[in-house]
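Just upload33.cif here, mmCIF, C-alpha atoms:
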```cif
data_input
#
loop_
_atom_site.label_atom_id
_atom_site.label_comp_id
_atom_site.auth_asym_id
_atom_site.auth_seq_id
_atom_site.Cartn_x
_atom_site.Cartn_y
_atom_site.Cartn_z
CA MET A 1 0.00 0.00 0.00
CA SER A 2 1.22 3.48 -0.85
CA ILE A 3 2.23 5.82 1.98
CA ASN A 4 0.58 8.60 0.01
CA LEU A 5 -2.79 7.15 -1.00
CA ASN A 6 -5.48 4.81 0.20
CA LEU A 7 -7.98 3.72 -2.45
CA HIS A 8 -11.03 1.54 -1.90
CA LEU A 9 -14.39 0.98 -3.56
CA GLU A 10 -17.65 1.59 -1.69
CA THR A 11 -21.03 1.14 -3.43
CA HIS A 12 -19.68 2.18 -6.85
CA VAL A 13 -17.77 5.10 -5.30
CA ALA A 14 -13.97 4.97 -5.45
CA HIS A 15 -12.72 6.68 -2.29
CA LEU A 16 -9.26 8.12 -2.87
CA GLN A 17 -7.80 9.34 0.42
CA LEU A 18 -4.59 11.37 0.60
CA CYS A 19 -2.77 10.01 3.62
CA ASN A 20 0.78 11.41 3.74
CA THR A 21 0.18 13.11 7.07
CA ALA A 22 3.89 13.82 7.59
CA THR A 23 3.95 16.32 4.70
CA LEU A 24 0.28 17.40 4.89
CA ASN A 25 -0.08 15.78 1.46
CA ALA A 26 2.49 18.05 -0.19
CA LEU A 27 2.20 17.45 -3.93
CA SER A 28 5.47 15.80 -4.85
CA ILE A 29 5.96 14.54 -8.39
CA GLU A 30 5.46 11.00 -7.03
CA LEU A 31 2.19 11.85 -5.26
CA CYS A 32 0.81 13.69 -8.29
CA LYS A 33 1.53 10.66 -10.48
CA GLU A 34 -0.12 8.34 -7.95
CA ILE A 35 -3.25 10.51 -7.84
CA ASP A 36 -3.45 10.76 -11.62
CA ASP A 37 -2.86 7.02 -12.07
CA ALA A 38 -5.55 6.22 -9.50
CA VAL A 39 -8.13 8.55 -11.08
CA LYS A 40 -7.33 7.19 -14.56
CA ALA A 41 -7.81 3.64 -13.26
CA CYS A 42 -11.19 4.70 -11.82
CA ASP A 43 -12.16 6.18 -15.19
CA GLU A 44 -11.42 2.80 -16.80
CA ASP A 45 -13.13 0.67 -14.13
CA SER A 46 -16.77 -0.03 -15.01
CA ARG A 47 -17.60 -0.64 -11.34
CA VAL A 48 -16.78 2.99 -10.48
CA LYS A 49 -19.55 5.53 -11.08
CA ALA A 50 -18.10 8.42 -9.04
CA VAL A 51 -14.86 9.29 -7.24
CA LEU A 52 -14.46 10.84 -3.79
CA ILE A 53 -11.16 12.52 -2.86
CA SER A 54 -10.46 13.33 0.79
CA SER A 55 -7.58 13.71 3.23
CA ALA A 56 -6.55 11.73 6.28
CA ALA A 57 -4.27 14.58 7.38
CA LYS A 58 -5.10 17.60 9.55
CA HIS A 59 -5.20 19.69 6.36
CA PHE A 60 -6.36 18.72 2.89
CA CYS A 61 -3.19 19.69 1.04
CA ALA A 62 -0.32 22.06 1.80
CA GLY A 63 0.42 22.60 -1.90
CA ALA A 64 3.43 21.73 -4.01
CA ASP A 65 6.44 20.05 -2.42
CA ILE A 66 8.70 23.09 -1.88
CA SER A 67 11.81 21.08 -1.02
CA GLU A 68 11.47 19.15 -4.26
CA MET A 69 10.78 22.30 -6.31
CA SER A 70 13.92 23.93 -4.95
CA GLN A 71 16.03 21.26 -6.66
CA LEU A 72 14.50 21.62 -10.14
CA THR A 73 16.29 23.49 -12.91
CA PRO A 74 14.52 25.63 -15.56
CA GLU A 75 15.38 22.96 -18.12
CA GLN A 76 13.85 20.19 -16.00
CA VAL A 77 10.57 21.98 -15.40
CA ARG A 78 10.16 22.63 -19.13
CA GLU A 79 11.09 19.08 -20.14
CA GLN A 80 8.73 17.56 -17.55
CA ALA A 81 5.94 20.10 -18.10
CA PHE A 82 6.11 20.50 -14.32
CA ALA A 83 3.09 22.29 -12.83
CA GLY A 84 3.30 21.47 -9.12
CA CYS A 85 -0.02 19.63 -9.25
CA VAL A 86 -1.90 16.76 -10.86
CA SER A 87 -2.94 16.79 -14.53
CA TYR A 88 -5.21 13.85 -15.44
CA LEU A 89 -7.73 14.76 -12.74
CA ALA A 90 -8.79 17.78 -14.80
CA ARG A 91 -9.62 15.48 -17.73
CA ALA A 92 -11.42 12.77 -15.76
CA ARG A 93 -14.70 11.69 -17.35
CA LYS A 94 -16.41 10.50 -14.18
CA PRO A 95 -17.84 12.87 -11.55
CA ILE A 96 -15.34 13.86 -8.85
CA VAL A 97 -16.45 14.87 -5.34
CA VAL A 98 -13.83 16.36 -3.03
CA ALA A 99 -14.03 16.74 0.76
CA VAL A 100 -11.84 19.60 1.98
CA ASN A 101 -10.72 19.96 5.59
CA GLY A 102 -8.27 22.58 6.83
CA MET A 103 -5.94 24.23 4.34
CA ALA A 104 -6.09 23.74 0.58
CA LEU A 105 -3.22 25.92 -0.61
CA GLY A 106 -1.47 26.52 -3.92
CA GLY A 107 -1.45 23.27 -5.84
CA GLY A 108 -3.87 21.89 -3.27
CA CYS A 109 -6.34 24.62 -4.19
CA GLU A 110 -5.74 23.91 -7.88
CA LEU A 111 -6.53 20.24 -7.23
CA VAL A 112 -9.84 21.30 -5.66
CA GLU A 113 -10.57 23.57 -8.63
CA MET A 114 -10.32 20.52 -10.93
CA CYS A 115 -13.07 18.67 -9.06
CA ASP A 116 -16.82 18.79 -9.73
CA VAL A 117 -18.56 18.96 -6.34
CA VAL A 118 -16.59 20.62 -3.52
CA VAL A 119 -17.75 19.82 0.02
CA ALA A 120 -15.91 21.91 2.62
CA GLY A 121 -15.70 21.48 6.34
CA LYS A 122 -16.13 24.68 8.31
CA SER A 123 -12.39 24.64 9.06
CA ALA A 124 -11.48 24.72 5.37
CA LYS A 125 -9.47 27.58 3.91
CA PHE A 126 -8.59 28.07 0.26
CA GLY A 127 -5.61 30.09 -0.88
CA HIS A 128 -2.96 30.78 -3.52
CA PRO A 129 0.12 31.98 -1.62
CA GLU A 130 2.49 31.31 -4.53
CA ILE A 131 3.33 35.02 -4.90
CA THR A 132 4.94 35.00 -1.44
CA LEU A 133 7.59 32.70 -2.93
CA ALA A 134 7.95 34.83 -6.08
CA ALA A 135 6.02 32.12 -7.92
CA MET A 136 2.55 31.78 -9.44
CA PRO A 137 0.06 28.99 -10.14
CA GLY A 138 1.05 26.61 -12.91
CA ALA A 139 -1.82 24.10 -13.01
CA GLY A 140 -4.84 26.28 -13.67
CA GLY A 141 -5.02 28.57 -10.67
CA THR A 142 -5.25 31.71 -12.79
CA GLN A 143 -7.74 30.06 -15.15
CA ARG A 144 -10.14 27.76 -13.28
CA LEU A 145 -10.24 29.97 -10.19
CA THR A 146 -11.18 33.01 -12.29
CA ARG A 147 -13.89 31.06 -14.10
CA ALA A 148 -15.28 29.92 -10.74
CA ILE A 149 -15.25 33.13 -8.69
CA GLY A 150 -14.57 35.98 -11.13
CA LYS A 151 -11.66 38.28 -11.94
CA ALA A 152 -11.83 40.67 -8.97
CA LEU A 153 -11.74 38.10 -6.18
CA SER A 154 -9.28 35.88 -8.04
CA LEU A 155 -6.79 38.70 -8.42
CA ASP A 156 -7.27 39.62 -4.77
CA MET A 157 -6.30 36.06 -3.79
CA LEU A 158 -3.50 35.67 -6.32
CA LEU A 159 -1.85 39.08 -5.80
CA THR A 160 -2.20 39.39 -2.02
CA ALA A 161 -2.10 35.70 -0.95
CA ARG A 162 -5.51 36.19 0.66
CA SER A 163 -7.21 32.95 1.72
CA LEU A 164 -10.96 32.35 1.75
CA THR A 165 -12.88 30.71 4.56
CA ALA A 166 -15.31 27.94 3.67
CA ASP A 167 -18.31 30.26 3.98
CA VAL A 168 -16.77 32.98 1.80
CA ALA A 169 -15.69 30.36 -0.76
CA LEU A 170 -19.27 29.08 -0.81
CA GLN A 171 -20.65 32.56 -1.46
CA ALA A 172 -18.03 33.14 -4.16
CA GLY A 173 -18.84 29.94 -6.03
CA LEU A 174 -15.67 27.92 -5.35
CA VAL A 175 -17.42 25.55 -2.92
CA SER A 176 -20.65 23.57 -3.41
CA ARG A 177 -21.57 22.93 0.24
CA VAL A 178 -20.26 23.66 3.75
CA VAL A 179 -20.79 21.18 6.59
CA ASP A 180 -19.49 20.67 10.12
CA ASP A 181 -16.03 19.11 10.15
CA VAL A 182 -17.25 16.03 12.01
CA GLU A 183 -19.79 15.39 9.25
CA LEU A 184 -17.48 16.11 6.31
CA GLN A 185 -16.44 12.60 5.30
CA ALA A 186 -19.89 11.08 5.75
CA GLU A 187 -21.66 13.90 3.92
CA ALA A 188 -19.22 13.86 1.01
CA MET A 189 -19.59 10.08 0.70
CA LYS A 190 -23.37 10.43 0.77
CA ILE A 191 -23.19 12.93 -2.11
CA ALA A 192 -20.84 10.69 -4.12
CA GLU A 193 -23.10 7.67 -3.53
CA LYS A 194 -26.14 9.64 -4.69
CA ILE A 195 -24.35 10.63 -7.91
CA ALA A 196 -23.27 7.00 -8.39
CA SER A 197 -26.88 5.83 -8.03
CA PHE A 198 -27.92 7.66 -11.21
CA SER A 199 -27.20 6.58 -14.78
CA ALA A 200 -23.42 6.76 -15.22
CA PRO A 201 -23.44 7.66 -18.95
CA VAL A 202 -25.83 10.54 -18.29
CA ALA A 203 -23.76 11.85 -15.36
CA GLN A 204 -20.66 11.82 -17.55
CA ARG A 205 -22.41 13.65 -20.38
CA ILE A 206 -23.69 16.31 -17.97
CA LYS A 207 -20.16 16.81 -16.66
CA ALA A 208 -18.75 17.03 -20.20
CA CYS A 209 -21.35 19.63 -21.24
CA VAL A 210 -20.73 21.80 -18.18
CA ARG A 211 -16.96 21.54 -18.67
CA ASN A 212 -17.30 22.55 -22.33
CA SER A 213 -19.34 25.61 -21.35
CA ASP A 214 -16.10 27.35 -20.38
CA ASP A 215 -14.74 27.08 -23.91
CA LEU A 216 -17.74 27.17 -26.23
CA PRO A 217 -19.91 30.11 -27.26
CA LEU A 218 -23.47 29.76 -26.00
CA ASP A 219 -25.01 28.83 -29.34
CA ARG A 220 -22.51 25.98 -29.86
CA GLY A 221 -22.87 24.83 -26.26
CA LEU A 222 -26.65 24.64 -26.68
CA VAL A 223 -26.26 22.49 -29.79
CA GLU A 224 -23.90 20.09 -28.01
CA GLU A 225 -26.23 19.93 -25.00
CA MET A 226 -29.19 19.01 -27.21
CA GLN A 227 -27.16 16.32 -28.97
CA ALA A 228 -26.15 14.88 -25.59
CA PHE A 229 -29.79 14.99 -24.46
CA HIS A 230 -30.88 13.10 -27.59
CA GLU A 231 -28.41 10.33 -26.68
CA CYS A 232 -30.58 9.56 -23.63
CA PHE A 233 -33.34 8.33 -25.96
CA ARG A 234 -31.03 5.57 -27.22
CA GLU A 235 -30.40 4.11 -23.76
CA ASP A 236 -32.21 1.58 -21.60
CA ASP A 237 -31.61 3.69 -18.49
CA PHE A 238 -33.79 6.47 -19.90
CA LYS A 239 -36.58 4.02 -20.69
CA GLU A 240 -36.27 2.63 -17.17
CA GLY A 241 -36.33 6.13 -15.70
CA LEU A 242 -39.57 6.98 -17.50
CA ALA A 243 -41.16 3.63 -16.66
CA SER A 244 -40.25 3.85 -12.97
CA PHE A 245 -41.68 7.37 -12.78
CA MET A 246 -44.99 6.24 -14.27
CA ASP A 247 -45.02 3.10 -12.08
CA LYS A 248 -44.21 5.16 -8.97
CA ARG A 249 -41.19 3.01 -8.06
CA ARG A 250 -37.47 3.52 -7.71
CA PRO A 251 -35.54 3.08 -10.97
CA SER A 252 -33.01 0.31 -11.45
CA PHE A 253 -30.36 1.74 -13.77
CA ARG A 254 -27.99 -0.56 -15.61
CA HIS A 255 -25.51 2.18 -16.66
#
```
Step by step, read the file and then write its structure as structure tokens.
Amino acid sequence: MSINLNLHLETHVAHLQLCNTATLNALSIELCKEIDDAVKACDEDSRVKAVLISSAAKHFCAGADISEMSQLTPEQVREQAFAGCVSYLARARKPIVVAVNGMALGGGCELVEMCDVVVAGKSAKFGHPEITLAAMPGAGGTQRLTRAIGKALSLDMLLTARSLTADVALQAGLVSRVVDDVELQAEAMKIAEKIASFSAPVAQRIKACVRNSDDLPLDRGLVEEMQAFHECFREDDFKEGLASFMDKRRPSFRH
């Protein structure tokens, strides 16, 4: 078993827990590869309908591994396309729920920004302190953060190293829900299980359409949404959904 990750399957939810408590889950190159490999494996596993990412440490993620970064040369970072964070997670097809406790800083905040449903404990804080090290985000912090919360607040965070509390992040649009810390893991798992209970192909198409909305003009996005909607009519799950509604029973989706 990895010292960095713990992965197990619960009711069609793959629970990926970051567990390097000694470094507060600092995103070393090794850890980033392990996370990406695990999420890719979940994408390819038909048993998995949704993924939950959480932390076993006091904080969700302290950000990039500074000691490792200090040893990298300009040539190495270019050759490796080094970004101080994961990469495949942002391309994952299946819905990703993340449970955030304590600090999610720098690359840790970028990791959160790549996820779909963000459940924050009341202790959670989100920040981009890279500028204090004469650095900046390299894995989407200037892009996904701005799309989520807008230019003004993003620049406030990025240029002053301001961090957001869970409640402020919720109001800003970075967080989906805020719960008590003691309820965080259970509530996030409940959300992931609910997503996993629905038709998996439909959930993935919804995610793809929402993701594409950042890049497509509205008229093109509406066309792609309608095409994705029409795909439902080809599937047994849609027929089962309609039949169960008319029969007043719970649907039994086959995905």
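In terms of minimum interatomic distance to A:Gly106, A:Ala161 ranks closest within A:Ala161, A:Ala57, A:Phe82, A:Asp156, counting only C-alpha atoms.
Neighbouring residues of A:Met103 at 6 Å or closer, counting only C-alpha atoms and skipping chain neighbours under 6 positions away, are His59, Phe60, Ala124 and Lys125 of chain A.
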Please enclose the listed atoms of stretch 212-221 of chain A in an axis-aligned box, pad each side by 5 Å, and write out the centre and the three edge lengths in Å, rounded to one decimal, as AutoDock Vina command-line options.
```
--center_x -19.9 --center_y 26.3 --center_z -25.1 --size_x 20.3 --size_y 17.6 --size_z 19.5
```
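Of the listed residues (A:Ala166, A:Cys232, A:Ala104, A:Ala83), A:Ala166 comes nearest to A:Val179; the distances count only C-alpha atoms.
Here atom CA of A:Val182 is placed at a distance of 18.9 Å from atom CA of A:Phe126.
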| With all atoms listed in the file as the atoms that count, which of A:Leu7, A:Ala188, A:Ala134, A:Ala64 lies nearest to A:Ala38? | A:Leu7
| task | Please write the residues picked by the PyMOL selection byres ((chain A and resi 225) around 12) on this file as a PyMOL selection string. | result | chain A and resi 202+205-213+216+218-224+226-232
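Counting only C-alpha atoms, A:Ser67 has the following residues at most 12 Å away, ignoring those fewer than 3 positions along the same chain: Thr23, Ala26, Leu27, Ser28, Ile29, Gly63, Ala64, Ser70, Gln71, Leu72 and Gly84 of chain A.
Listed by chain and then by number, the residues chosen by the PyMOL selection byres ((chain A and resi 253) around 9) in this file are Ser197, Phe198, Ser199, Ala200, Asp236, Asp237, Phe238, Glu240, Gly241, Pro251, Ser252, Arg254 and His255 of chain A.
Taking atom CA of A:Ala14 and atom CA of A:Ile53 as the two end points, the separation is 8.5 Å.
Counting all atoms listed in the file and comparing A:Gln204, A:Val86, A:Ser163, A:Ala56, the residue that lies closest to A:Asp43 is A:Gln204.
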| message | I'd like the contact shell of A:Arg162 - 8 Å cut-off, all atoms listed in the file, skipping same-chain residues fewer than 3 positions apart - returned as a list in words. | response | Gly127, His128, Pro129, Asp156, Met157, Leu158 and Leu159 of chain A
| So how many Å separate atom CA of A:Gln171 and atom CA of A:Gly108, to one decimal? | 20.0 Å
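For A:Leu9, the list of residues within 10 Å, based on only C-alpha atoms and with local chain neighbours fewer than 2 positions off taken out, reads Leu7, Thr11, His12, Val13, Ala14, His15, Leu16, Cys42, Arg47, Val48, Ala50, Val51 and Leu52 of chain A.
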| field | Residues within 10 Å of (-3.4, 13.2, -17.4), counting only C-alpha atoms, listed as number ranges by chain | value | A: 33, 35-37, 39-40, 86-92
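The residues returned by the PyMOL selection byres ((chain A and resi 116) around 6) for this structure are Ile96, Val97, Cys115 and Val117 of chain A.
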Show which residues sit within 12 Å of A:Arg147, as a tab-separated table (two decimals) with C-alpha atoms, in the frame of the given file. Count only C-alpha atoms, and ignore same-chain residues fewer than 3 positions away.
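New file result.tsv:
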```
chain	number	residue	atom	x	y	z
A	113	GLU	CA	-10.57	23.57	-8.63
A	114	MET	CA	-10.32	20.52	-10.93
A	140	GLY	CA	-4.84	26.28	-13.67
A	141	GLY	CA	-5.02	28.57	-10.67
A	142	THR	CA	-5.25	31.71	-12.79
A	143	GLN	CA	-7.74	30.06	-15.15
A	144	ARG	CA	-10.14	27.76	-13.28
A	150	GLY	CA	-14.57	35.98	-11.13
A	151	LYS	CA	-11.66	38.28	-11.94
A	152	ALA	CA	-11.83	40.67	-8.97
A	153	LEU	CA	-11.74	38.10	-6.18
A	154	SER	CA	-9.28	35.88	-8.04
A	155	LEU	CA	-6.79	38.70	-8.42
A	172	ALA	CA	-18.03	33.14	-4.16
A	173	GLY	CA	-18.84	29.94	-6.03
A	174	LEU	CA	-15.67	27.92	-5.35
A	211	ARG	CA	-16.96	21.54	-18.67
A	213	SER	CA	-19.34	25.61	-21.35
A	214	ASP	CA	-16.10	27.35	-20.38
A	215	ASP	CA	-14.74	27.08	-23.91
```
